[in-house]
Amino acid sequence: MPPYENRYWWSNDGLRLHYRDYPGPSERPPILCLPGLTRNARDYDDLAQRLSPRWRVITVDLRGRGDSGYAKDPMTYVPLTYVQDIEGLLGELGVSRYIAFGTSLGGIVAMLLAGTARETLMGVLLNDVGPEIMPEGLSRIRSYVGKSNTWPTWLHAARAVAEANGDVYPQFQLEDWLAMAKRLYRLNSAGRIVLDYDMKIAEPFRVPGNEAGPDMWRALDGLKTVPTLLVRGATSDVLAAPVAERMAGMLEQRELLTIPDTGHAPTLDEPAAIAAIERLLARIPAEPASG
């Protein structure tokens with residue numbers, strides 16, 4: 001049996017959306033995990049299994065990814081719509097207090113959630129993302145997102161992932177690339193290995209401004225008094241070191257962690273990241289998820 005339950009909720013515009021629910025105690029706020037642009041709930045499986053059953057962990061497939069439905073209107077693949085989707089999930093679960101872990105795009109969604117309802121967030125992890133995104137990182141992401149590739153075997157897919165990300169994770173071995181490929185790709189009905197997202201997510205992303213949403217510095221201000229862990233890859237082309245330092249200077253309860261020899265984005269399986277996550281969670285008061 002898997003260590004989680006597959007569950008679903010409905011968006012305002014009628015999409016069936018998916019999340020994994022890893023069990024944990026009700027006297028603690030759950031941890032809501034939000035993945036990056038082309039990623040899905042599987043990205044957080046190792047983290048969720050480490051923390052469950054000490055914490056309830058909810059890992060989300062954003063619309064158009066994983067087991068969530070694909071949008072009829074590709075212009076809904078934007079951060080503000082993702083925020084509405086997540087607010088719908090929290091409402092359905094009756095969760096009024098929670099912790100948000102967000103990688104890249106997921107971190108943007110977490111910041112926007114803080115800007116709309118800061119009193120509900122008990123703690124936040126922002127993984128290699130901030131209110132400003134480096135132009136070179138945007139250019140790189142735009143160069144690959146929405147471009148479909150298929151592979152005959154998982155080994156072929158792993159080699160492709162390694163070729164594209166070797167400079168991001170220089171310490172990875174073949175087994176690491178295979179694990180990443182199985183998070184990024186799925187097996188289709190024709191027996192081919194394909195990317196596990198709707199290629200149309202690229203359409204709004206290519207419009208300048210849609211990748212970061214509105215006034216993200218103002219949104220970050222919603223985290224001013226919230227326990228926050230900022231994680232940055234030392235060679236990231238998305239989150240610049242000066243931006244990370246400025247973020248840390250705005251937040252009263254923050255830790256800034258830089259993962260060496262890593263680009264965009266850290267996996268959160270690094271020993272330093274695991275220890276920092278435990279320090280973050282140790283600062284979260286034991287309160288029920290609803291109240």
# chains A, B, ... in the order shown; residues from 1 in each chain; ligands from 1
>>> select_by_dssp(residues="region 94-174 of chain A", states="helix (DSSP H, G or I)", output="PyMOL selection string")
chain A and resi 105-116+118-120+135-144+154-165+174
>>> residues_around(residues="Tyr197 (chain A)", least_positions_apart="3", cutoff="7 Å", atoms="only C-alpha atoms", output="PyMOL selection string")
chain A and resi 38+64-66
>>> atom_distance(atom1="CA of Arg232 (chain A)", atom2="CA of Val207 (chain A)")
25.7 Å
>>> closest_atom_pairs(of="region 175-226 of chain A", to="region 27-37 of chain A", cutoff="10 Å", atoms="only C-alpha atoms", output="Markdown table")
| residue | atom | partner | partner_atom | distance |
| --- | --- | --- | --- | --- |
| A:Tyr197 | CA | A:Leu37 | CA | 9.4 |
| A:Ile201 | CA | A:Leu37 | CA | 8.3 |
| A:Ala202 | CA | A:Leu37 | CA | 9.3 |
| A:Phe205 | CA | A:Leu37 | CA | 9.4 |
| A:Glu211 | CA | A:Leu37 | CA | 9.3 |
>>> closest_atom_pairs(of="region 37-144 of chain A", to="region 267-284 of chain A", cutoff="9 Å", atoms="only C-alpha atoms", output="Markdown table")
| residue | atom | partner | partner_atom | distance |
| --- | --- | --- | --- | --- |
| A:Asp43 | CA | A:Thr267 | CA | 8.1 |
| A:Tyr44 | CA | A:Leu268 | CA | 8.5 |
| A:Asp46 | CA | A:Asp269 | CA | 7.4 |
| A:Leu47 | CA | A:Asp269 | CA | 6.9 |
| A:Ile99 | CA | A:Ile284 | CA | 8.7 |
| A:Thr103 | CA | A:Thr267 | CA | 8.9 |
| A:Met122 | CA | A:Ile284 | CA | 6.4 |
| A:Gly123 | CA | A:Ile284 | CA | 6.6 |
| A:Val124 | CA | A:Leu280 | CA | 8.4 |
| A:Leu125 | CA | A:Ile277 | CA | 8.1 |
| A:Asn127 | CA | A:Leu268 | CA | 8.2 |
>>> write_last_selection(atoms="all heavy atoms", output="PDB file, in the first residue's frame")
ATOM      1  N   ASP A  43       7.213  15.092  -6.775  1.00  0.00           N
ATOM      2  CA  ASP A  43       8.451  15.752  -6.377  1.00  0.00           C
ATOM      3  C   ASP A  43       8.667  15.730  -4.872  1.00  0.00           C
ATOM      4  O   ASP A  43       9.804  15.764  -4.404  1.00  0.00           O
ATOM      5  CB  ASP A  43       8.438  17.214  -6.847  1.00  0.00           C
ATOM      6  CG  ASP A  43       9.343  17.453  -8.033  1.00  0.00           C
ATOM      7  OD1 ASP A  43       9.843  16.475  -8.614  1.00  0.00           O
ATOM      8  OD2 ASP A  43       9.556  18.626  -8.382  1.00  0.00           O
ATOM      9  N   TYR A  44       7.592  15.705  -4.114  1.00  0.00           N
ATOM     10  CA  TYR A  44       7.686  15.822  -2.665  1.00  0.00           C
ATOM     11  C   TYR A  44       7.547  14.483  -1.944  1.00  0.00           C
ATOM     12  O   TYR A  44       7.411  14.451  -0.719  1.00  0.00           O
ATOM     13  CB  TYR A  44       6.595  16.768  -2.153  1.00  0.00           C
ATOM     14  CG  TYR A  44       6.853  18.227  -2.451  1.00  0.00           C
ATOM     15  CD1 TYR A  44       6.191  18.869  -3.495  1.00  0.00           C
ATOM     16  CD2 TYR A  44       7.736  18.966  -1.678  1.00  0.00           C
ATOM     17  CE1 TYR A  44       6.407  20.219  -3.757  1.00  0.00           C
ATOM     18  CE2 TYR A  44       7.962  20.318  -1.930  1.00  0.00           C
ATOM     19  CZ  TYR A  44       7.294  20.937  -2.972  1.00  0.00           C
ATOM     20  OH  TYR A  44       7.517  22.266  -3.227  1.00  0.00           O
ATOM     21  N   ASP A  46       9.626  11.927  -1.234  1.00  0.00           N
ATOM     22  CA  ASP A  46      10.637  11.600  -0.227  1.00  0.00           C
ATOM     23  C   ASP A  46      10.467  12.470   1.009  1.00  0.00           C
ATOM     24  O   ASP A  46      10.531  11.986   2.146  1.00  0.00           O
ATOM     25  CB  ASP A  46      12.045  11.779  -0.807  1.00  0.00           C
ATOM     26  CG  ASP A  46      12.397  10.715  -1.835  1.00  0.00           C
ATOM     27  OD1 ASP A  46      11.716   9.681  -1.875  1.00  0.00           O
ATOM     28  OD2 ASP A  46      13.359  10.928  -2.592  1.00  0.00           O
ATOM     29  N   LEU A  47      10.258  13.768   0.798  1.00  0.00           N
ATOM     30  CA  LEU A  47      10.052  14.683   1.919  1.00  0.00           C
ATOM     31  C   LEU A  47       8.825  14.279   2.727  1.00  0.00           C
ATOM     32  O   LEU A  47       8.861  14.236   3.963  1.00  0.00           O
ATOM     33  CB  LEU A  47       9.921  16.110   1.392  1.00  0.00           C
ATOM     34  CG  LEU A  47       9.685  17.228   2.406  1.00  0.00           C
ATOM     35  CD1 LEU A  47      10.318  18.531   1.914  1.00  0.00           C
ATOM     36  CD2 LEU A  47       8.193  17.467   2.643  1.00  0.00           C
ATOM     37  N   ILE A  99       0.991  25.040   6.885  1.00  0.00           N
ATOM     38  CA  ILE A  99       2.362  25.391   6.528  1.00  0.00           C
ATOM     39  C   ILE A  99       2.499  25.186   5.026  1.00  0.00           C
ATOM     40  O   ILE A  99       2.007  24.188   4.493  1.00  0.00           O
ATOM     41  CB  ILE A  99       3.363  24.495   7.279  1.00  0.00           C
ATOM     42  CG1 ILE A  99       3.141  24.610   8.797  1.00  0.00           C
ATOM     43  CG2 ILE A  99       4.799  24.824   6.912  1.00  0.00           C
ATOM     44  CD1 ILE A  99       3.696  23.432   9.573  1.00  0.00           C
ATOM     45  N   THR A 103       8.221  25.238  -4.164  1.00  0.00           N
ATOM     46  CA  THR A 103       9.410  25.254  -5.016  1.00  0.00           C
ATOM     47  C   THR A 103       9.113  26.044  -6.283  1.00  0.00           C
ATOM     48  O   THR A 103       8.121  25.775  -6.963  1.00  0.00           O
ATOM     49  CB  THR A 103       9.831  23.823  -5.390  1.00  0.00           C
ATOM     50  OG1 THR A 103      10.246  23.130  -4.208  1.00  0.00           O
ATOM     51  CG2 THR A 103      10.976  23.823  -6.398  1.00  0.00           C
ATOM     52  N   MET A 122       1.164  29.319   9.085  1.00  0.00           N
ATOM     53  CA  MET A 122       1.924  29.138  10.317  1.00  0.00           C
ATOM     54  C   MET A 122       3.425  29.036  10.056  1.00  0.00           C
ATOM     55  O   MET A 122       4.230  29.183  10.969  1.00  0.00           O
ATOM     56  CB  MET A 122       1.445  27.870  11.035  1.00  0.00           C
ATOM     57  CG  MET A 122      -0.064  27.816  11.254  1.00  0.00           C
ATOM     58  SD  MET A 122      -0.662  29.165  12.276  1.00  0.00           S
ATOM     59  CE  MET A 122       0.038  28.697  13.850  1.00  0.00           C
ATOM     60  N   GLY A 123       3.805  28.773   8.825  1.00  0.00           N
ATOM     61  CA  GLY A 123       5.205  28.658   8.453  1.00  0.00           C
ATOM     62  C   GLY A 123       5.306  28.484   6.952  1.00  0.00           C
ATOM     63  O   GLY A 123       4.358  28.022   6.301  1.00  0.00           O
ATOM     64  N   VAL A 124       6.465  28.855   6.381  1.00  0.00           N
ATOM     65  CA  VAL A 124       6.637  28.803   4.928  1.00  0.00           C
ATOM     66  C   VAL A 124       8.070  28.404   4.586  1.00  0.00           C
ATOM     67  O   VAL A 124       9.022  28.846   5.238  1.00  0.00           O
ATOM     68  CB  VAL A 124       6.316  30.176   4.281  1.00  0.00           C
ATOM     69  CG1 VAL A 124       6.624  30.155   2.781  1.00  0.00           C
ATOM     70  CG2 VAL A 124       4.861  30.553   4.499  1.00  0.00           C
ATOM     71  N   LEU A 125       8.191  27.575   3.564  1.00  0.00           N
ATOM     72  CA  LEU A 125       9.481  27.284   2.937  1.00  0.00           C
ATOM     73  C   LEU A 125       9.402  27.763   1.501  1.00  0.00           C
ATOM     74  O   LEU A 125       8.523  27.323   0.745  1.00  0.00           O
ATOM     75  CB  LEU A 125       9.791  25.787   2.988  1.00  0.00           C
ATOM     76  CG  LEU A 125      11.163  25.322   2.489  1.00  0.00           C
ATOM     77  CD1 LEU A 125      11.511  23.965   3.088  1.00  0.00           C
ATOM     78  CD2 LEU A 125      11.258  25.237   0.972  1.00  0.00           C
ATOM     79  N   ASN A 127      11.525  27.672  -1.848  1.00  0.00           N
ATOM     80  CA  ASN A 127      12.654  26.951  -2.426  1.00  0.00           C
ATOM     81  C   ASN A 127      13.071  27.565  -3.753  1.00  0.00           C
ATOM     82  O   ASN A 127      12.422  27.378  -4.784  1.00  0.00           O
ATOM     83  CB  ASN A 127      12.290  25.473  -2.602  1.00  0.00           C
ATOM     84  CG  ASN A 127      13.469  24.642  -3.096  1.00  0.00           C
ATOM     85  OD1 ASN A 127      14.629  25.045  -2.992  1.00  0.00           O
ATOM     86  ND2 ASN A 127      13.177  23.472  -3.631  1.00  0.00           N
TER      87      ASN A 127
END
